[in-house]
Every structure is written in structure tokens, then in C-alpha cells.
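Here the structure comes first, spelled out in C-alpha cells, and everything after it is commentary.
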Amino acid sequence: MLKQFLQKTLKKIPTVPEESSTEEIDKKQSNLNASLKKNLDLFKEIYQYPLNTDIQFREFLLGNRKALLIFIDTITKTDIVEDHILTPLLASEDTNKKIEDSIPVKSIITKTVVKDILIEISKGYIALFIDGEEKAYLFSAPNFEGRNIEKSENETVVKGPKEAFNELSSTNISMIRKKIKSESLVVESSVISQRSNNDVYILYLSDVVNDKMLSNVRERLKKIEVDTVQTLGLLEQRIEERPKSIFPTILFTERPDRAASYIEDGYIVLLMDNSPASLVLPATFWSFYHSSEDHYLRFPYGNFTRMLRLLALFMTLFISAAYVAIVTYHAEMIPPDLLLAIAATREKVPFPAAVEVLMMELAFELIREAGLRVPSPIGPTIGIVGALILGQAAVQANIVSPIVVIVVALGGLSSFAIGDLSMNFAVRMSRFLLLLAASFFGIYGIAALFTVGIFYLVSIKSFGVPYLSPLTPKYVSSKDTIFRRLLQNEFFRPGYVKPKDIKKQ
Amino acid sequence: MQQSQEKIGIREYIAIITIMIATKVTDDTPILFFDTLDTAGWIAPFFNALIVVIPLIFLMKVVTRYNKGLIEIIDGLFGKYLGFLLLFIIWFISISALIIDTAIYTDIIGTMYFIRTPTIIIYGLIMAVCAYGAKRGFAQIGSAAWVVYPYLQVSLLFVFILTLSDSNLSFIHPIFGPGPIEIVKESTFTLSIYADFLYLFLIVPFIKDIHVFKKGTWAGFIIVIINVGIAFLLFLLLFDYQSLKMVNYPFHEVIRYIDTGFLTNMESFFLPFWAIASFIRFTVYIWINALLFGHLFKIKQFEYVIPSIATLIVFIGILPESPTYAIFELRKTLFQFTTPIFFFLPILIWIVAKLKGDFSNDDNNN
């Protein structure tokens, strides 16, 4: 009761003395006027002309009627305006000829509501108004600047396509279409924000994807009510089920080949402008554990990498925790010679093992974070500072023992083998929790926290799909979990995404 | 492809059974057998199993007939008051067993691994983990059990293999220990090592379907017997019966005893596996206990009472002064108390069902 009351009072929007913009909003909701003069004034007012410098109003005579072109010249192809719109219109003698028949532009649409026209202009369309007509013709000529297609930087592979997504969704879609040449690949678009009108593209195979899941995704996209969603990273946080969870539930990949292979399996992929990546959903634990190279490599090599990755995963999670637990609580476990060696190096170190390891772990994380943010010209300094000062000098100063440096370095090195950024974070954070558990309860504490972690993992769901499926609960699938199978034996789509067509041909 | 949201499949079910019951070999259960049966202690689990099949078959018959959980069946067959009483007895046994077992496990950790850590902290940690797990729900417990089960089984197998090299086959003689008649007699008193199978019949509604339940129960039964039997045999072969009677927790002595290559002390290597198994074991128990409690006292969202039950268990469980002996005695009494209930209750249920004519009449369920 009290909680509800508090929530209600807290959620109330504070009244801030500000100018109301309802009048402006009303204007945008209205229909076009038949009089060109009135339309011109309206648009000039909305666009703050002439303060706004890149908006262009071009008036001309179409036969005996006045006409007007509105476009933003920084995002439209101006040669189209000149060659394909103005030239044919000005040259046209026959005033009865329809606009659609006289302008050689690939896509022409008409709109009547001011707001819709504004949205299209912002997307790089050219709007044509003719006196006496209560509609606007919109010609597609967008020209947004962006990068070229470049090599993928965060998910590198040796054997496989190198291209990565870039910030233009049209390029990204084209790269996926290049991989899936099928008529059933659908690229659905929807506007998800109120003010910035960001588009999101939903890609799926219409004859494979589960309709319920698809409508669930659409529903969640529709529920977003914000002014702006700039990138996929922000979108991910808006649509995921557990925003506070340590484990990610949506896969973020910059590789078009990976996205395409997920689409073929019945997953849904989201693309947006401004994001050199795609979101794959639903995602299971395995999608974060796998990399695209596992399947490009031959069967034994692919599984060897998987094995290494599994080893790395466990090393990252447990090595420093296990070291602390063993040295502090279970010293008898170590063979006597090694124990003596450890004891000898720890002799001069004034801190308990837990503090020692924690310090080194923190230092390692700092080097890592600093290395990421540092401007590239001074990048090498980080390596020198990290290796020299933190490693060697700390040992010489008896702050840490050499074996701790080995342990922490091994754990840190292993953490790089987990390619996915989100999973990487999850593992690194869990490592600290395990370290704490180990310093309080030894191996028993590690086991306790691990059990809690397992319970947590199995209770996570991503768009209705259990996180550890198909391991548990079981579904029909190609059993691509810890290890993959021969390609010839992978003939099922994953059953947990409930595809319409479970068997791959 | 229906989504198995709240119901668990056969793999998860078998994993739960095995973790729930086979983990018993790692506490002081073996001593209950070897105390009276000497060298024949390892035969008893097999012999017990033969007897236990009888109540299990009866229960299975009833459950498959009604296609319902035991809770609903008892309610339906015995009416409001008698049904309540019966379920209350089952609940009471379950909570007592839970308290005693968790106290023993706390004692194992306290005496074997963490000698200086206060009991209440060890106990509290066990129950906190279990309460957390149990609150996640049964499907999640099943999934967690299946995720860890293969590794637990492998680690146990590893212990078995390492034990083999140190064991002495001649310790098995005399095979029948105090004599076959004694084995039969003592075995009937210790049936309740398998009494936990009774609890499985309470969770029928949470298993995918009745066939999965049937298949899973028998498969789990066999896996449990094999694990328990082999473990008992190996304990005997390693320690001989005289010294086996002296140790309290043979499994933990075994993992202290064995070594491989340069690693001479391996108990801390096996500790996490054992700890995970015990966590999951008590999670299942506490969940079943809460389920019963919720049914008895009409609490629909019974998952919310789990933390309270867990807290209660901790405070009752730390009461005995010297747990190693006091609880062992308590457990022995409980064992003898539950054995007849476990044996006769299923038969009673079956007879009542038969008398009510439910086995011939298909449209009447109650």
C-alpha cells in the first residue's frame, strides 16, 4: 500500500514553468491547405526559415500554377533536384500531365498531413507542393554521409567474410540481402521515437519465424515512448526483459554473416541507422559463447576453439578465486614443494592473499579500461606502464607476490577469449563476486555462489526463450551448445525459437 | 512444440532424483547400515531396493490411475480431515528430515573443512542458497540439477576409480556378514534410505506427463541403487567394516584418503562438487516442503514461505549441542519411525482406492 502510494507520488510529473508547445503540435497535425502561400508560410514558420540554413524553399511556375520544392540540401542529392525534378517540370508544356508521369525519380509518394511530410523531408525526401492541390508529392533522394564498409574490428575471424556493418542501415540491409537471396526475407520498418523519428528495421524470414515471437517484438518496440533512441545499444536497453541483470539477453553483433545465419535459423534481427551492428533476438547463453568462426573452421578445429574458449571461461571465472581459496583455506591441497615456493614468495608480502589478488585484479581492470579510452598515439604507454610498473615493480616492492601476477595475468588473458562484449562484462563482474566469496568461505563459498549463479542462469528468459536451452529445458535442435556437431548432422533449426519450419533442407 | 514452462522433462527429473537420493552416501547414512550389518552393509541397499519396489509399484498404480499428484489423491481418498492428518504427518517427517539432514551437512563442513567458522554462518549460507534456488521455482531447480548432474556423476566416478587402487577385495568376506536372516531383518528397518521416493509422488503435477514420471522414477531408482551400492561396497573395501564403524562420514574420509600423481590431498578438489550436490538436494527438499506446507495451510503462493521455512530450519538445526552424535541418534530414530510409514502408506492408499472402486470405474476420479 505504502509502496504503491510512494510510487504514485514519485511518478507524478513535476510542473515546470515552461512555454507550452501545444499550438505548434496542433499545426503539425493539420492537413495541407489548398493555397500554396499558406503552406509556404506554415513550413517557413516550422522550419524557422531563414535562421535554419540548410533548408531550401525553391519556388517556380509549373505551367500557370505556382509550385514549391522543399528539401534539406545536406541530406538530399541536389543533382536529382536539378536534373530530374526541376528540368522536366520547367520544360513540361502540357499542364494536364500527371506529376508521376513527368518526373523520372524511382519512388514518388503523396502525403496530406503536415507531420507526415515533415518526417519524410527529414529522411531526405524532396517535397513538391502545387498551388490548388491539398497534397504534397515526395521524391526519394536521400544522401546521408557515412563510412564505407570496413573490416570488422571487434569480432575478427581468420577464415570467413571480413566485412562489418556500418552506420547506414541501407548498406546493412543490402549486405544481409547479399547473403540471403530469398523472397521471404522481410525488412519491416517502424518508427520508434516521438521526436527524432528513429527508424528501426526488423528483419526475418517470413516462412520460418515464429509469428508470436514476432508480434512480441513488434509490441515491445511499440511500447517505447521516448523522444529519441539513437543507437541499437540504447534500443537494447529499452526492450530487454531484465535491465538490471548481469547477463545479456540480446546479442549485439557487427558481422552481417552472423546476423544472416541467425535470420536463417528463425531469429529476428534489428537494424538501425547510426549503429554499425545488429541486434539478434532472442539470445541464449550459447549465442554469446559461440563465435562465427566456430562453424567456418573444420569440425575438429572448430571444436578445439570451443574447448579453449570453455577453458578460458572457467579460468577467468575461477582462477583468482581458487587461488585465494586454496592459499587461505585449503593449503594442504597444494603439493608440499609448490606450497613452500608460494610461502617463500609470500613471506615478505604484508597483505592477505585476498587483498593482494583484489589489488592486482583492480589494476588489471584499470589498465584494460584505460587502454580502451586512451588516444591511440599514446596507446603503447599503457602497455609499458602496465607491464613494467604494475608487474615488476609491485613484485619488487613486495606489494604482491610473483605468483599472484601469474594468476591474475592468466585470468585476464583468458577473459579476452570470450569475444562477446556483454558476456565479457558479465564474466568479469562475476569474477569479482567469486573472489569475494572465496575470500570469505574458500571453495565452499565458490561452490555456493556458483550454485546461485546456475539457479539465476536457468531462470533468465530472453523473449520467452529459456537462457540455457536447448541444454535445459530440452528442445529439438542441432545440439550446438558447448561443442558443435558435423555440418551434415546439424539439420534442425533451434526448436526454442519455435520456427515454422524446423528442418533445414 | 509447446513451451515446457513450469513442467520438467525426463532428464531434469532423473537428475533431481539422483541428486536428491544418491547424495545420501556422502553423509552418515552408510554407518546406519554397517553398524549392524558389518561386512554385509553394502548388500542392504540392493536388498532394500527389492523390498521398496513393492510400495513404489502400489503408488505408481494409484498415481497413473488418477494422473494426479499424491497430495490431491490423498485429499480425494481420505477426505478433508484424515487427508489433512496424513499430509501433515508426511510434512512433519519431511521437515524433521530436512532439519536433521541440513544439520548433518553443516556438521560435515564444520568438522571436516571449516573448523573455525561458526556453525550458524555455514548453516545460514546453505539455507540462503537453497532458499534462493527454491524460490526460483521447480522448473528452474530441475534445469539447474540437469546442468550440474553430469559433472557430479563424473566426479563421483572419479572418486570410485581412485578408491579402487587402494581397496582390498578380501575385506568383503564374510559376504553375508552376520547372516542372511539378519540382513533381511535389518534391511527392513532401514528402508527409509529410499523413503524420499515417496516425496517424488507429490510432484507429479510438475512433471511433463505421467509416462515421463513413470519412466523417470524407475530410471532414477536404478541409477540411485547403482550409485549407493557401489559407494557402500567401496567404503567397505577401503576401510574394512571395523574401522568403517568408527568414522562418521565415510565419503569425506575416502576423499581425504585417495590421491593421484602429485596431488596428495584431493578433498578440496571434490568439496565443490559435493557442496553443489548438497545445495541442490536441499533446494528440492525445501521446495517440496513448502509445496506441502502451502497445500496444508491453503497458501497459494507457497514460494513466499520458503525463506521463512529456511530461517526456521537454521534456528532449530543449530540447537543440538554436539551434532555429530546427537543428530546421528535423532536420525536413527527418524529412520526407524519413517520406515513403516513409507512401507504401509502406499499400500493403504492403494487399498482405499481399490475399495472405493476407482480402479474399475473410469469416470469417477474421487
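Just so we're on the same page: first chain in the C-alpha cells is A, next is B, and so on; residues restart at 1 for each chain, and ligands are numbered from 1 in the order they show up.
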DSSP on the backbone: which residues in region 353-504 of chain A end up as strand (DSSP E)? Give the answer as a PyMOL selection string. chain A and resi 461-462+465-466
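For Val217 (chain A), the set of protein, DNA and RNA residues having any atom at most 10 Å away, when counting only C-alpha atoms and skipping those fewer than 6 positions along the same chain, is Ile202, Asp211, Lys223, Ile239, Ile268, Leu270, Leu281, Pro282 and Phe463 of chain A.
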Kindly determine which residues of chain B lie within 6 Å of chain A, considering only C-alpha atoms, and give the answer as an MDAnalysis selection string. chainID B and resid 133 140 143:144 263 265 272 276
I need the residues from that last selection saved to file as an mmCIF file, in the first residue's frame (with C-alpha atoms), if you can.
data_model
loop_
_atom_site.group_PDB
_atom_site.id
_atom_site.type_symbol
_atom_site.label_atom_id
_atom_site.label_comp_id
_atom_site.auth_asym_id
_atom_site.auth_seq_id
_atom_site.Cartn_x
_atom_site.Cartn_y
_atom_site.Cartn_z
ATOM 1 C CA GLY B 133 17.133 -21.667 -5.542
ATOM 2 C CA GLN B 140 14.442 -23.920 -12.592
ATOM 3 C CA SER B 143 17.200 -27.284 -15.028
ATOM 4 C CA ALA B 144 19.925 -26.462 -12.539
ATOM 5 C CA LEU B 263 48.227 -34.307 -5.757
ATOM 6 C CA ASN B 265 45.297 -34.151 -0.821
ATOM 7 C CA PRO B 272 32.798 -28.100 -4.531
ATOM 8 C CA ILE B 276 26.818 -28.167 -5.206
#
Per DSSP on the backbone, what are the alpha helix (DSSP H) residues of region 139-244 of chain B, as a tab-separated table (two decimals) with N, CA, C and O atoms, in the first residue's frame?
chain	number	residue	atom	x	y	z
B	139	ALA	N	10.75	-25.75	-12.07
B	139	ALA	CA	11.36	-25.95	-13.39
B	139	ALA	C	12.82	-25.51	-13.37
B	139	ALA	O	13.68	-26.15	-13.97
B	140	GLN	N	13.08	-24.44	-12.65
B	140	GLN	CA	14.44	-23.92	-12.59
B	140	GLN	C	15.34	-24.86	-11.78
B	140	GLN	O	16.49	-25.06	-12.13
B	141	ILE	N	14.76	-25.43	-10.71
B	141	ILE	CA	15.55	-26.38	-9.91
B	141	ILE	C	15.92	-27.56	-10.80
B	141	ILE	O	17.06	-28.03	-10.81
B	142	GLY	N	14.93	-28.03	-11.56
B	142	GLY	CA	15.18	-29.17	-12.45
B	142	GLY	C	16.28	-28.84	-13.45
B	142	GLY	O	17.20	-29.63	-13.65
B	143	SER	N	16.19	-27.67	-14.04
B	143	SER	CA	17.20	-27.28	-15.03
B	143	SER	C	18.58	-27.22	-14.39
B	143	SER	O	19.55	-27.73	-14.93
B	144	ALA	N	18.63	-26.59	-13.21
B	144	ALA	CA	19.92	-26.46	-12.54
B	144	ALA	C	20.48	-27.85	-12.22
B	144	ALA	O	21.67	-28.11	-12.40
B	145	ALA	N	19.60	-28.74	-11.79
B	145	ALA	CA	20.04	-30.09	-11.46
B	145	ALA	C	20.64	-30.77	-12.69
B	145	ALA	O	21.70	-31.38	-12.62
B	146	TRP	N	19.97	-30.61	-13.82
B	146	TRP	CA	20.48	-31.25	-15.02
B	146	TRP	C	21.78	-30.62	-15.49
B	146	TRP	O	22.67	-31.32	-15.98
B	147	VAL	N	21.91	-29.33	-15.33
B	147	VAL	CA	23.15	-28.66	-15.77
B	147	VAL	C	24.36	-29.22	-15.02
B	147	VAL	O	25.39	-29.48	-15.60
B	148	VAL	N	24.19	-29.44	-13.70
B	148	VAL	CA	25.36	-29.86	-12.93
B	148	VAL	C	25.48	-31.37	-12.82
B	148	VAL	O	26.57	-31.89	-12.56
B	149	TYR	N	24.38	-32.09	-13.04
B	149	TYR	CA	24.37	-33.53	-12.77
B	149	TYR	C	25.52	-34.29	-13.44
B	149	TYR	O	26.23	-35.05	-12.77
B	150	PRO	N	25.75	-34.13	-14.76
B	150	PRO	CA	26.81	-34.91	-15.39
B	150	PRO	C	28.17	-34.73	-14.71
B	150	PRO	O	28.90	-35.71	-14.52
B	151	TYR	N	28.46	-33.51	-14.30
B	151	TYR	CA	29.75	-33.25	-13.68
B	151	TYR	C	29.84	-33.89	-12.30
B	151	TYR	O	30.89	-34.39	-11.90
B	152	LEU	N	28.70	-33.87	-11.58
B	152	LEU	CA	28.69	-34.50	-10.27
B	152	LEU	C	28.92	-35.99	-10.41
B	152	LEU	O	29.72	-36.60	-9.69
B	153	GLN	N	28.23	-36.58	-11.38
B	153	GLN	CA	28.35	-38.02	-11.58
B	153	GLN	C	29.79	-38.38	-11.96
B	153	GLN	O	30.35	-39.34	-11.45
B	154	VAL	N	30.37	-37.57	-12.83
B	154	VAL	CA	31.75	-37.84	-13.25
B	154	VAL	C	32.69	-37.73	-12.06
B	154	VAL	O	33.57	-38.57	-11.88
B	155	SER	N	32.47	-36.72	-11.22
B	155	SER	CA	33.38	-36.56	-10.08
B	155	SER	C	33.23	-37.74	-9.13
B	155	SER	O	34.22	-38.23	-8.57
B	156	LEU	N	32.00	-38.26	-8.96
B	156	LEU	CA	31.80	-39.42	-8.09
B	156	LEU	C	32.48	-40.64	-8.69
B	156	LEU	O	33.13	-41.42	-8.00
B	157	LEU	N	32.37	-40.76	-9.99
B	157	LEU	CA	33.00	-41.87	-10.70
B	157	LEU	C	34.52	-41.81	-10.51
B	157	LEU	O	35.18	-42.83	-10.30
B	158	PHE	N	35.02	-40.62	-10.55
B	158	PHE	CA	36.44	-40.37	-10.37
B	158	PHE	C	36.87	-40.85	-8.98
B	158	PHE	O	37.90	-41.51	-8.82
B	159	VAL	N	36.04	-40.52	-7.98
B	159	VAL	CA	36.32	-40.97	-6.62
B	159	VAL	C	36.33	-42.49	-6.58
B	159	VAL	O	37.24	-43.11	-6.02
B	160	PHE	N	35.35	-43.11	-7.22
B	160	PHE	CA	35.26	-44.57	-7.23
B	160	PHE	C	36.54	-45.17	-7.81
B	160	PHE	O	37.12	-46.09	-7.26
B	161	ILE	N	36.96	-44.61	-8.95
B	161	ILE	CA	38.13	-45.17	-9.64
B	161	ILE	C	39.37	-45.03	-8.78
B	161	ILE	O	40.15	-45.97	-8.62
B	162	LEU	N	39.53	-43.87	-8.17
B	162	LEU	CA	40.71	-43.65	-7.34
B	162	LEU	C	40.68	-44.54	-6.11
B	162	LEU	O	41.73	-44.96	-5.62
B	163	THR	N	39.47	-44.81	-5.61
B	163	THR	CA	39.36	-45.66	-4.42
B	163	THR	C	39.79	-47.08	-4.73
B	163	THR	O	40.39	-47.76	-3.90
B	164	LEU	N	39.47	-47.51	-5.96
B	164	LEU	CA	39.74	-48.90	-6.36
B	164	LEU	C	41.20	-49.27	-6.12
B	164	LEU	O	41.49	-50.36	-5.64
B	180	PRO	N	22.30	-64.17	6.52
B	180	PRO	CA	21.23	-63.70	5.63
B	180	PRO	C	19.98	-63.24	6.37
B	180	PRO	O	19.35	-62.26	6.00
B	181	ILE	N	19.63	-63.93	7.40
B	181	ILE	CA	18.39	-63.58	8.11
B	181	ILE	C	18.52	-62.20	8.74
B	181	ILE	O	17.62	-61.37	8.67
B	182	GLU	N	19.71	-61.97	9.26
B	182	GLU	CA	19.98	-60.67	9.87
B	182	GLU	C	19.86	-59.56	8.82
B	182	GLU	O	19.34	-58.48	9.08
B	183	ILE	N	20.37	-59.86	7.63
B	183	ILE	CA	20.31	-58.85	6.55
B	183	ILE	C	18.86	-58.50	6.25
B	183	ILE	O	18.49	-57.32	6.18
B	184	VAL	N	18.04	-59.52	6.13
B	184	VAL	CA	16.62	-59.27	5.82
B	184	VAL	C	16.00	-58.43	6.93
B	184	VAL	O	15.32	-57.44	6.67
B	185	LYS	N	16.32	-58.80	8.17
B	185	LYS	CA	15.71	-58.11	9.30
B	185	LYS	C	16.15	-56.64	9.34
B	185	LYS	O	15.32	-55.74	9.41
B	186	GLU	N	17.44	-56.45	9.25
B	186	GLU	CA	17.96	-55.08	9.37
B	186	GLU	C	17.54	-54.23	8.18
B	186	GLU	O	17.27	-53.04	8.31
B	187	SER	N	17.50	-54.88	7.02
B	187	SER	CA	17.15	-54.13	5.82
B	187	SER	C	15.78	-53.51	5.95
B	187	SER	O	15.54	-52.38	5.55
B	188	THR	N	14.86	-54.27	6.51
B	188	THR	CA	13.51	-53.74	6.61
B	188	THR	C	13.44	-52.54	7.53
B	188	THR	O	12.55	-51.72	7.42
B	189	PHE	N	14.42	-52.45	8.44
B	189	PHE	CA	14.40	-51.28	9.33
B	189	PHE	C	14.97	-50.04	8.67
B	189	PHE	O	14.77	-48.93	9.13
B	196	ASP	N	12.59	-41.20	0.29
B	196	ASP	CA	12.43	-39.94	-0.45
B	196	ASP	C	11.67	-40.14	-1.73
B	196	ASP	O	11.13	-39.19	-2.29
B	197	PHE	N	11.62	-41.41	-2.20
B	197	PHE	CA	10.84	-41.65	-3.41
B	197	PHE	C	9.37	-41.32	-3.20
B	197	PHE	O	8.66	-40.97	-4.13
B	198	LEU	N	8.94	-41.42	-1.94
B	198	LEU	CA	7.55	-41.06	-1.63
B	198	LEU	C	7.29	-39.60	-1.99
B	198	LEU	O	6.25	-39.26	-2.55
B	199	TYR	N	8.28	-38.75	-1.71
B	199	TYR	CA	8.11	-37.32	-1.99
B	199	TYR	C	7.97	-37.05	-3.48
B	199	TYR	O	7.33	-36.10	-3.90
B	200	LEU	N	8.63	-37.92	-4.26
B	200	LEU	CA	8.56	-37.70	-5.71
B	200	LEU	C	7.13	-37.76	-6.21
B	200	LEU	O	6.77	-37.10	-7.17
B	210	ILE	N	2.57	-38.23	-17.22
B	210	ILE	CA	2.66	-39.35	-16.29
B	210	ILE	C	3.63	-40.41	-16.79
B	210	ILE	O	4.29	-41.09	-16.01
B	211	HIS	N	3.78	-40.52	-18.11
B	211	HIS	CA	4.71	-41.53	-18.64
B	211	HIS	C	6.15	-41.14	-18.35
B	211	HIS	O	6.97	-41.99	-18.01
B	212	VAL	N	6.40	-39.85	-18.51
B	212	VAL	CA	7.73	-39.35	-18.17
B	212	VAL	C	8.01	-39.62	-16.70
B	212	VAL	O	9.09	-40.07	-16.32
B	213	PHE	N	6.99	-39.38	-15.89
B	213	PHE	CA	7.15	-39.61	-14.45
B	213	PHE	C	7.49	-41.06	-14.18
B	213	PHE	O	8.40	-41.38	-13.43
B	214	LYS	N	6.72	-41.96	-14.82
B	214	LYS	CA	6.89	-43.39	-14.60
B	214	LYS	C	8.29	-43.83	-15.03
B	214	LYS	O	9.04	-44.43	-14.26
B	215	LYS	N	8.62	-43.48	-16.26
B	215	LYS	CA	9.93	-43.88	-16.79
B	215	LYS	C	11.05	-43.27	-15.95
B	215	LYS	O	12.00	-43.95	-15.58
B	216	GLY	N	10.90	-41.99	-15.66
B	216	GLY	CA	11.94	-41.27	-14.93
B	216	GLY	C	12.14	-41.84	-13.54
B	216	GLY	O	13.28	-42.00	-13.08
B	217	THR	N	11.05	-42.17	-12.85
B	217	THR	CA	11.17	-42.69	-11.49
B	217	THR	C	11.94	-44.00	-11.50
B	217	THR	O	12.86	-44.20	-10.69
B	218	TRP	N	11.59	-44.89	-12.42
B	218	TRP	CA	12.29	-46.18	-12.43
B	218	TRP	C	13.74	-46.02	-12.85
B	218	TRP	O	14.63	-46.63	-12.27
B	219	ALA	N	13.96	-45.18	-13.85
B	219	ALA	CA	15.35	-44.97	-14.28
B	219	ALA	C	16.16	-44.37	-13.15
B	219	ALA	O	17.28	-44.82	-12.85
B	220	GLY	N	15.58	-43.37	-12.47
B	220	GLY	CA	16.25	-42.72	-11.36
B	220	GLY	C	16.51	-43.73	-10.24
B	220	GLY	O	17.59	-43.75	-9.64
B	221	PHE	N	15.54	-44.59	-10.01
B	221	PHE	CA	15.64	-45.62	-8.97
B	221	PHE	C	16.87	-46.48	-9.23
B	221	PHE	O	17.69	-46.73	-8.35
B	222	ILE	N	17.00	-46.92	-10.49
B	222	ILE	CA	18.13	-47.80	-10.83
B	222	ILE	C	19.46	-47.06	-10.67
B	222	ILE	O	20.41	-47.59	-10.07
B	223	ILE	N	19.51	-45.82	-11.17
B	223	ILE	CA	20.76	-45.06	-11.05
B	223	ILE	C	21.14	-44.88	-9.58
B	223	ILE	O	22.30	-45.04	-9.19
B	224	VAL	N	20.13	-44.58	-8.75
B	224	VAL	CA	20.39	-44.38	-7.32
B	224	VAL	C	20.93	-45.66	-6.71
B	224	VAL	O	21.94	-45.64	-5.99
B	225	ILE	N	20.27	-46.80	-7.00
B	225	ILE	CA	20.71	-48.07	-6.40
B	225	ILE	C	22.16	-48.35	-6.78
B	225	ILE	O	22.99	-48.70	-5.94
B	226	ILE	N	22.47	-48.17	-8.05
B	226	ILE	CA	23.83	-48.46	-8.51
B	226	ILE	C	24.83	-47.57	-7.78
B	226	ILE	O	25.83	-48.05	-7.23
B	227	ASN	N	24.53	-46.28	-7.74
B	227	ASN	CA	25.45	-45.35	-7.07
B	227	ASN	C	25.64	-45.69	-5.60
B	227	ASN	O	26.76	-45.76	-5.11
B	228	VAL	N	24.51	-45.91	-4.92
B	228	VAL	CA	24.58	-46.17	-3.48
B	228	VAL	C	25.30	-47.49	-3.23
B	228	VAL	O	26.21	-47.58	-2.40
B	229	GLY	N	24.94	-48.51	-3.99
B	229	GLY	CA	25.52	-49.83	-3.80
B	229	GLY	C	27.02	-49.81	-4.00
B	229	GLY	O	27.78	-50.28	-3.14
B	230	ILE	N	27.46	-49.22	-5.12
B	230	ILE	CA	28.90	-49.18	-5.40
B	230	ILE	C	29.64	-48.40	-4.33
B	230	ILE	O	30.68	-48.82	-3.84
B	231	ALA	N	29.05	-47.27	-3.93
B	231	ALA	CA	29.71	-46.45	-2.92
B	231	ALA	C	29.87	-47.24	-1.63
B	231	ALA	O	30.96	-47.27	-1.04
B	232	PHE	N	28.81	-47.92	-1.20
B	232	PHE	CA	28.88	-48.71	0.05
B	232	PHE	C	29.95	-49.78	-0.07
B	232	PHE	O	30.74	-49.99	0.84
B	233	LEU	N	29.96	-50.45	-1.21
B	233	LEU	CA	30.92	-51.53	-1.41
B	233	LEU	C	32.34	-50.98	-1.31
B	233	LEU	O	33.21	-51.55	-0.65
B	234	LEU	N	32.57	-49.85	-1.96
B	234	LEU	CA	33.92	-49.29	-1.97
B	234	LEU	C	34.34	-48.79	-0.60
B	234	LEU	O	35.49	-48.91	-0.21
B	235	PHE	N	33.37	-48.25	0.17
B	235	PHE	CA	33.69	-47.84	1.53
B	235	PHE	C	34.21	-49.06	2.31
B	235	PHE	O	35.20	-48.99	3.03
B	236	LEU	N	33.51	-50.17	2.12
B	236	LEU	CA	33.87	-51.38	2.84
B	236	LEU	C	35.25	-51.86	2.41
B	236	LEU	O	36.09	-52.22	3.23
B	237	LEU	N	35.47	-51.86	1.11
B	237	LEU	CA	36.74	-52.37	0.59
B	237	LEU	C	37.91	-51.49	1.01
B	237	LEU	O	39.03	-51.96	1.12
B	238	LEU	N	37.65	-50.24	1.22
B	238	LEU	CA	38.75	-49.34	1.57
B	238	LEU	C	39.06	-49.39	3.06
B	238	LEU	O	40.21	-49.43	3.47
B	239	PHE	N	38.01	-49.42	3.89
B	239	PHE	CA	38.22	-49.26	5.33
B	239	PHE	C	38.15	-50.56	6.12
B	239	PHE	O	38.63	-50.63	7.23
B	240	ASP	N	37.48	-51.55	5.60
B	240	ASP	CA	37.11	-52.74	6.34
B	240	ASP	C	36.04	-52.34	7.36
B	240	ASP	O	35.95	-51.20	7.78
B	241	TYR	N	35.20	-53.31	7.76
B	241	TYR	CA	34.00	-52.91	8.50
B	241	TYR	C	34.28	-52.37	9.89
B	241	TYR	O	33.57	-51.52	10.39
B	242	GLN	N	35.36	-52.87	10.50
B	242	GLN	CA	35.63	-52.41	11.88
B	242	GLN	C	35.93	-50.90	11.90
B	242	GLN	O	35.34	-50.16	12.65
B	243	SER	N	36.86	-50.51	11.05
B	243	SER	CA	37.22	-49.09	11.09
B	243	SER	C	36.14	-48.24	10.43
B	243	SER	O	35.98	-47.06	10.74
B	244	LEU	N	35.37	-48.84	9.54
B	244	LEU	CA	34.28	-48.09	8.91
B	244	LEU	C	33.26	-47.66	9.96
B	244	LEU	O	32.66	-46.58	9.86
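Using only C-alpha atoms, the shortest contact distance between Leu235 (chain A) and any of A:Tyr201, A:Phe314, A:Phe492, A:Phe425 is found at A:Tyr201.
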